[in-house]
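Participant: One structure is given below, represented as structure tokens, and several questions about it will come after.
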Amino acid sequence: MLGDPIEHSLSPLLHSAALAAAGLAGTYQRRRVDAGGMALAVAEIRDGRLDGASVTMPHKELAAELSDRLTATARRAGAVNTLVRVGRAVVGHNTDVVGIQAAWSAAALPDDAPVLILGAGGAAAAALLALEGRAVFLTARRAAAAPALILRTRVAAAVHPWGQSVAGAVVVNATPVGMGGEPLDEALLEPAPGLFDMAYASTVTPGVEWMKAHGRPVADGRLMLLHQAAAAFELWTGHRAPAAEMAAALDEIVTAD
């Protein structure tokens with residue numbers, strides 16, 4: 001796991017459970033890196049010292065730049081969360097997209113409602129691609145960031161003013177808000193029939209708590225993490241992900257919290 005911060009990441013527990021269940025040797029560890037550390041880690045994958053890596057904030061866009069090749073999805077996203085060695089090439093994947101789609105279905109979020117995505121970084125790019133074909137509104141603090149992301153991903157979406165709600169739209173939080181216990185703006189949540197909170201921490205985020213208290217469906221970052229991790233595991237190992245064991249490991253963490 002490459003990123004900064006990484007102390008909160010649950011990925012090592014998930015992948016350790018997966019490796020044990022599949023009977024595969026290996027370890028999965030956190031590595032806090034800056035941009036220079038990212039370049040060194042990619043070089044280690046290329047020459048075989050590492051078999052692959054996950055990438056988290058704030059380096060997903062940098063991981064795309066450092067990859068030798070990108071999948072079509074990762075190219076459109078301009079962001080990579082999974083690095084895989086193929087021969088002596090480092091191939092960048094984006095398993096966040098399938099993770100979002102699987103978590104959305106598992107949480108029974110509305111399929112026919114519009115969507116309001118908060119943010120314009122790598123997580124927002126994955127959300128745009130995962131939800132392509134719906135009525136999507138994208139909002140970002142920096143006014144120019146949202147149209148730039150829409151242009152890069154080539155997803156049909158409308159730019160929406162920051163801080164304004166969309167009636168009947170499922171809110172997708174693709175920002176770090178909530179990782180440190182910060183609440184999402186209730187004015188955004190009030191008219192929403194559901195929430196996909198991509199942020200996660202050691203405890204349930206305030207946004208998820210608020211939506212659950214109001215009896216509305218939610219998918220949180222942990223559910224997304226589970227599904228994107230399963231996809232990454234299969235890319236690295238060539239083995240089917242032991243989804244039940246990975247989910248059980250996550251359930252133990254949630255219960256402990």
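Residues in the structure tokens are named by chain (A, B, ... in the order shown) and by number from 1 within that chain; ligands are numbered from 1 in the order shown.
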Counting only C-alpha atoms, what is within 10 Å of range 142-146 of chain A, bar same-chain residues fewer than 6 positions away, as a list in words?
Facilitator: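 The residues satisfying every condition are Ile117, Leu118, Gly119, Ala120, Gly121, Ala124, Ala125, Arg152, Ala157, Ala158, Val159, His160, Pro161 and Trp162 of chain A.
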Participant: So that I can check the surroundings of Val55 in chain A, please list as JSON, numbers by chain every protein, DNA and RNA residue that reaches within 9 Å of it, counting only C-alpha atoms and ignoring chain neighbours fewer than 6 positions away.
Facilitator: {"A": [1, 2, 3, 63, 80, 81, 82, 83]}
Participant: Within 10 Å of Arg85 in chain A, counting only C-alpha atoms, which residues show up once you throw out same-chain ones fewer than 6 positions away? Write them as JSON, numbers by chain, please.
Facilitator: {"A": [42, 44, 45, 46, 47, 48, 50, 51, 52, 53, 67, 68, 91, 92, 235, 236]}
Participant: Take the selection from the previous step and output its residues with N, CA and C atoms, as a compact mmCIF listing (two decimals), in the first residue's frame.
Facilitator:
# COMPACT_ATOMS: atom_id res chain seq x y z
N VAL A 42 7.68 2.07 -7.86
CA VAL A 42 7.36 1.61 -9.22
C VAL A 42 8.59 0.94 -9.84
N GLU A 44 10.83 -0.67 -8.19
CA GLU A 44 10.95 -1.97 -7.52
C GLU A 44 9.99 -2.99 -8.12
N ILE A 45 8.81 -2.56 -8.53
CA ILE A 45 7.87 -3.47 -9.21
C ILE A 45 8.45 -3.87 -10.56
N ARG A 46 8.96 -2.90 -11.28
CA ARG A 46 9.47 -3.15 -12.64
C ARG A 46 10.61 -4.17 -12.63
N ASP A 47 11.49 -4.10 -11.60
CA ASP A 47 12.63 -5.03 -11.60
C ASP A 47 12.39 -6.27 -10.75
N GLY A 48 11.16 -6.45 -10.25
CA GLY A 48 10.81 -7.69 -9.59
C GLY A 48 11.00 -7.74 -8.09
N LEU A 50 9.24 -6.02 -5.98
CA LEU A 50 7.85 -6.05 -5.51
C LEU A 50 6.99 -6.70 -6.58
N ASP A 51 5.99 -7.44 -6.16
CA ASP A 51 5.10 -8.08 -7.13
C ASP A 51 4.01 -7.13 -7.62
N GLY A 52 3.72 -6.10 -6.85
CA GLY A 52 2.67 -5.16 -7.22
C GLY A 52 2.40 -4.25 -6.04
N ALA A 53 1.45 -3.35 -6.20
CA ALA A 53 1.13 -2.42 -5.11
C ALA A 53 -0.25 -1.83 -5.29
N SER A 67 3.22 4.65 -14.57
CA SER A 67 2.99 3.34 -15.17
C SER A 67 3.52 3.29 -16.60
N ASP A 68 3.97 2.11 -16.99
CA ASP A 68 4.42 1.93 -18.38
C ASP A 68 3.24 1.79 -19.33
N VAL A 91 1.93 -2.14 -15.22
CA VAL A 91 0.63 -1.83 -15.80
C VAL A 91 -0.27 -1.23 -14.72
N GLY A 92 -0.85 -0.07 -15.02
CA GLY A 92 -1.72 0.60 -14.07
C GLY A 92 -3.18 0.25 -14.31
N LEU A 235 -5.80 -9.72 -9.87
CA LEU A 235 -4.82 -9.23 -10.84
C LEU A 235 -3.40 -9.61 -10.42
N TRP A 236 -3.08 -9.50 -9.14
CA TRP A 236 -1.74 -9.80 -8.68
C TRP A 236 -1.42 -11.29 -8.69
Participant: Step one, run DSSP on the backbone; step two, keep only residues of range 65-218 of chain A assigned to helix (DSSP H, G or I); then write them as a ChimeraX atom specification.
Facilitator: /A:65-66,72-77,96-106,122-130,145-153,186-189,206-213
Participant: Rank A:Ala103, A:Met38, A:Ile150, A:Ala21 by their smallest atom-to-atom distance to Phe137 in chain A, using only C-alpha atoms, and report the top residue only.
Facilitator: A:Ile150
Participant: Considering only C-alpha atoms, can you say which of A:Val172, A:Ala243, A:Ala39, A:Ala248 comes closest to Ala230 in chain A?
Facilitator: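 Distance minimum relative to Ala230 in chain A lands on A:Ala243.
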Participant: To test your reading of the structure, identify every residue in range 31-95 of chain A that backbone DSSP assigns to strand (DSSP E), and report it as a PyMOL selection string.
Facilitator: chain A and resi 31-32+52-54+69-70+82-86+89-93
Participant: Need to verify the contact set: range 193-210 of chain A, 8 Å, only C-alpha atoms, exclusion of same-chain residues closer than 2 positions in sequence. Can you return it as a ChimeraX atom specification?
Facilitator: /A:8-9,104,109-110,123,168-184,189,191,212-214,216-222,224,254,257
Participant: Expressed in Å to a single decimal, how great is the separation between CA of Lys60 in chain A and CA of Leu14 in chain A?
Facilitator: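 Straight-line distance from CA of Lys60 in chain A to CA of Leu14 in chain A works out to 20.1 Å.
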Participant: Can you tell me which residues surround range 133-135 of chain A at a distance of at most 8 Å, considering only C-alpha atoms, apart from same-chain residues fewer than 5 positions away, and format the answer as an MDAnalysis selection string?
Facilitator: chainID A and resid 112:115 156:157
Participant: Grab the CA of Arg31 in chain A to CA of Ile6 in chain A distance for me, in Å with one decimal place.
Facilitator: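 For CA of Arg31 in chain A relative to CA of Ile6 in chain A, the distance reads 7.4 Å.
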